[in-house]
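Student: This is the structure I have questions about; it appears just below.
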Amino acid sequence: MARKSQVLIIHPDKGLPQSLEKALKELDLDSAICLPEQAADKLGVLKHLDAVVLVYQKITDLDDDITKNLLQKLHRLSINTLILAEHASKDRSANPELPEGLLLVGPDESTEMLKGRLSTLIDLKPILDQMSVELNAIRMTTQPLNNYFSQVDEEMRLASRLQRDFLPRELPQLPGLRFSTVYRPATWVSGDIYDIMRLDEEHVGFYIADAVGHGMPAALLTMFIKRALVTKRISGNHYTIVEPGEALSHLNDDMVGQNLSNFQFATCCYGILNFKTLRLRIANAGHPMPMRIDRDSRNQELPVTGSLLGIFEHQQYQTEVFQLHPGEKLLLYSDGVEVAFVNEGPDKPLRFRKEFGDLSHYDIQKMCDKLVEIINKEEGSLHPRDDLTIVGLELYPAN
């Protein structure tokens, strides 16, 4: 024998509208009636409930806390609900706090209209039950994936913090010399790395390295570069500063000797500045050439070139020497700078050179801050195509 459809009537009074009584009778529904304050207990007892009907004098009666909590519970349980109240059909849009999925009707609905609405709610019950089963199955399938992605996300956050720990915590404070940096990974971790280190009482070394690509593989390679780039040789109480070209040659041989998979290679520009004489020794391995800005804000790329790191062993890199002067600036940057600025056209010069020139009258810290402001306003800045790093230095007369 088929089970009768079960309907719970929630009504502050005992008497029901005549049209509702007739509809329940003609549909031959198994109905139960209770007061709003009894509804929570009743919902726990009725195991095969197909629909709920709330009968109120007017729609504003739904504002009491008992009814609000009841509506929220019905929504969580996905029980089809019909509300019968004065002006209910007109006031639905004026009551956005009501949960979605409620069917609102006025007290003047005919028996036939109520029968149709109740039948629709009851017919929807098996469909909603099936959807609930399928939704739970999807949740059970996706939960392990969600857990996995949450774990990956947390690991990437930790990797990002770890990589930043390899960067200088403080920039050297040297007479007549000021540094500033910009470091903007395209994802959680970066394929760029930089360092600025005082080598002795007269020399400071600085470099940018860029592992080809970005993301975790490139980030792991930057950790290797950080440890493999030898800047000084120490023997007993003596040390020797390694020339930039020689340092890059050794780094290249170390990378080649690792037999790295996936054709991983890198670029690097490494300079050593005597901050007393302002004599710069610098070498380049496939990296963008450094930008020198003189006291008149004129830009000039230092002609320092070399092959990529990690491809051919026994590669030699030339150390070039330049005499810098107070009032000048020097910018080392990764190729992410070139793509961070939207260019004005294929035949136009690269934007970043123009921006470097336009901002060169600022001190180095302000210049880097301004570059970041401009980049943040560029199209696509929220989804950068490449990691971006700048190491800038400014020379000024020592006090």
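Here's how to read the names in the structure tokens: chain A, B, ... by the order shown, residue numbers from 1 in each chain, ligand numbers from 1 in the order shown.
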Counting only C-alpha atoms, give me one row per residue of stretch 184-228 of chain A with an atom at most 12 Å from an atom of stretch 303-322 of chain A, showing the shortest contact pair and its distance in Å to one decimal, sorted by chain then residue number, as a tab-separated table.
Tutor:
```
residue	atom	partner	partner_atom	distance
A:Ala209	CA	A:Leu309	CA	9.8
A:Asp210	CA	A:Leu309	CA	9.9
A:Ala211	CA	A:Leu309	CA	9.2
A:Val212	CA	A:Leu308	CA	9.9
A:Leu221	CA	A:Gly310	CA	10.7
A:Phe224	CA	A:Gly310	CA	11.8
A:Ile225	CA	A:Leu309	CA	10.1
```
Student: Would you tabulate, counting only C-alpha atoms, all residues of stretch 112-182 of chain A that have an atom at most 8 Å from an atom of stretch 357-379 of chain A, showing the closest pair of atoms and their distance in Å to one decimal, sorted by chain then ascending number, as a Markdown table?
Tutor:
```
| residue | atom | partner | partner_atom | distance |
| --- | --- | --- | --- | --- |
| A:Arg178 | CA | A:Ile364 | CA | 7.4 |
| A:Phe179 | CA | A:Ile364 | CA | 7.1 |
| A:Ser180 | CA | A:Gln365 | CA | 5.4 |
| A:Thr181 | CA | A:Cys368 | CA | 7.0 |
| A:Val182 | CA | A:Cys368 | CA | 6.7 |
```
Student: Ranking A:Leu8, A:Tyr207, A:Gly213, A:Lys47 by minimum distance to A:Asn284 and counting only C-alpha atoms, which one comes first?
Tutor: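 Smallest distance to A:Asn284 is found for A:Tyr207.
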Student: Could you list, as a tab-separated table (two decimals) with N, CA and C atoms, in the first residue's frame, every residue within 12 Å of A:Arg161, counting only C-alpha atoms and ignoring same-chain residues fewer than 5 positions away?
Tutor:
```
chain	number	residue	atom	x	y	z
A	154	GLU	N	48.70	25.71	1.53
A	154	GLU	CA	49.45	26.00	2.73
A	154	GLU	C	50.94	25.74	2.52
A	155	GLU	N	51.27	24.67	1.80
A	155	GLU	CA	52.67	24.39	1.52
A	155	GLU	C	53.30	25.47	0.65
A	156	MET	N	52.52	26.01	-0.30
A	156	MET	CA	53.04	27.08	-1.14
A	156	MET	C	53.25	28.36	-0.32
A	166	PHE	N	65.49	33.79	2.33
A	166	PHE	CA	66.78	33.78	1.65
A	166	PHE	C	67.15	35.16	1.11
A	167	LEU	N	66.22	36.09	1.14
A	167	LEU	CA	66.49	37.45	0.69
A	167	LEU	C	67.08	38.26	1.83
A	185	PRO	N	56.82	38.27	-6.91
A	185	PRO	CA	56.62	36.99	-7.58
A	185	PRO	C	55.31	36.97	-8.36
A	188	TRP	N	52.93	32.24	-5.84
A	188	TRP	CA	53.36	32.20	-4.44
A	188	TRP	C	54.88	32.32	-4.32
A	189	VAL	N	55.59	31.60	-5.20
A	189	VAL	CA	57.05	31.63	-5.16
A	189	VAL	C	57.57	32.22	-6.45
A	190	SER	N	58.86	32.59	-6.43
A	190	SER	CA	59.42	33.33	-7.55
A	190	SER	C	60.59	32.57	-8.18
A	219	ALA	N	61.69	28.29	-8.51
A	219	ALA	CA	62.03	28.72	-7.15
A	219	ALA	C	63.09	27.81	-6.54
```
Student: Skip A:Asp13 itself and residues of its chain fewer than 5 positions away, then list as number ranges by chain all residues within 9 Å of it, counting only C-alpha atoms.
Tutor: A: 34-35, 55-56
Student: Name all residues at most 8 Å from A:Glu301 (count only C-alpha atoms; drop same-chain ones fewer than 4 positions away) and give them as a PyMOL selection string.
Tutor: chain A and resi 289-292
Student: Would you write out those residues with N, CA and C atoms, as a CSV table (one decimal), in the first residue's frame?
Tutor:
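Saved to out_22.csv:
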```csv
chain,number,residue,atom,x,y,z
A,289,MET,N,70.7,43.8,-19.6
A,289,MET,CA,71.8,44.6,-19.2
A,289,MET,C,71.4,45.7,-18.2
A,290,PRO,N,72.3,46.0,-17.2
A,290,PRO,CA,71.9,47.0,-16.2
A,290,PRO,C,71.7,48.3,-16.8
A,291,MET,N,70.9,49.1,-16.2
A,291,MET,CA,70.6,50.5,-16.6
A,291,MET,C,71.3,51.5,-15.8
A,292,ARG,N,72.2,52.3,-16.4
A,292,ARG,CA,72.9,53.4,-15.7
A,292,ARG,C,72.2,54.7,-16.0
```
Student: Which one of A:Lys68, A:Lys22, A:His325, A:Arg117 sits closest to A:Arg279 if you count only C-alpha atoms?
Tutor: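 Comparing A:Lys68, A:Lys22, A:His325, A:Arg117 against A:Arg279, the winner is A:His325.
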Student: List the spatial neighbours of A:Met197 as a PyMOL selection string - criterion: any atom at most 12 Å away, only C-alpha atoms, same-chain residues fewer than 5 positions off excluded.
Tutor: chain A and resi 167-174+179+202-207+230-232+270-273
Student: Hey, can you spit out that residue selection with C-alpha atoms as a PDB file, in the first residue's frame?
Tutor:
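And here's selection27.pdb as it stands now:
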```pdb
ATOM      1  CA  LEU A 167      66.491  37.448   0.690  1.00  0.00           C
ATOM      2  CA  PRO A 168      68.338  40.176   2.609  1.00  0.00           C
ATOM      3  CA  ARG A 169      66.468  41.088   5.776  1.00  0.00           C
ATOM      4  CA  GLU A 170      68.127  44.512   5.811  1.00  0.00           C
ATOM      5  CA  LEU A 171      69.953  46.372   3.077  1.00  0.00           C
ATOM      6  CA  PRO A 172      73.557  47.415   3.820  1.00  0.00           C
ATOM      7  CA  GLN A 173      73.979  50.952   5.136  1.00  0.00           C
ATOM      8  CA  LEU A 174      77.115  52.262   3.428  1.00  0.00           C
ATOM      9  CA  PHE A 179      70.006  50.593  -2.114  1.00  0.00           C
ATOM     10  CA  GLU A 202      85.459  48.744   0.714  1.00  0.00           C
ATOM     11  CA  HIS A 203      83.328  46.429  -1.415  1.00  0.00           C
ATOM     12  CA  VAL A 204      79.671  45.519  -1.685  1.00  0.00           C
ATOM     13  CA  GLY A 205      78.379  42.767  -3.956  1.00  0.00           C
ATOM     14  CA  PHE A 206      74.905  42.552  -5.466  1.00  0.00           C
ATOM     15  CA  TYR A 207      73.165  40.373  -8.026  1.00  0.00           C
ATOM     16  CA  VAL A 230      80.766  32.042  -4.465  1.00  0.00           C
ATOM     17  CA  THR A 231      81.654  35.657  -3.725  1.00  0.00           C
ATOM     18  CA  LYS A 232      84.742  35.179  -1.525  1.00  0.00           C
ATOM     19  CA  TYR A 270      76.528  40.149 -10.619  1.00  0.00           C
ATOM     20  CA  GLY A 271      78.355  43.316  -9.702  1.00  0.00           C
ATOM     21  CA  ILE A 272      80.922  44.374  -7.112  1.00  0.00           C
ATOM     22  CA  LEU A 273      81.216  48.063  -6.234  1.00  0.00           C
TER      23      LEU A 273
END
```
Student: Name all residues at most 12 Å from A:Leu118 (count only C-alpha atoms; drop same-chain ones fewer than 3 positions away) and give them as a ChimeraX atom specification.
Tutor: /A:5-9,20,23-29,31,50-53,80-84,103-105,111-115,121-125
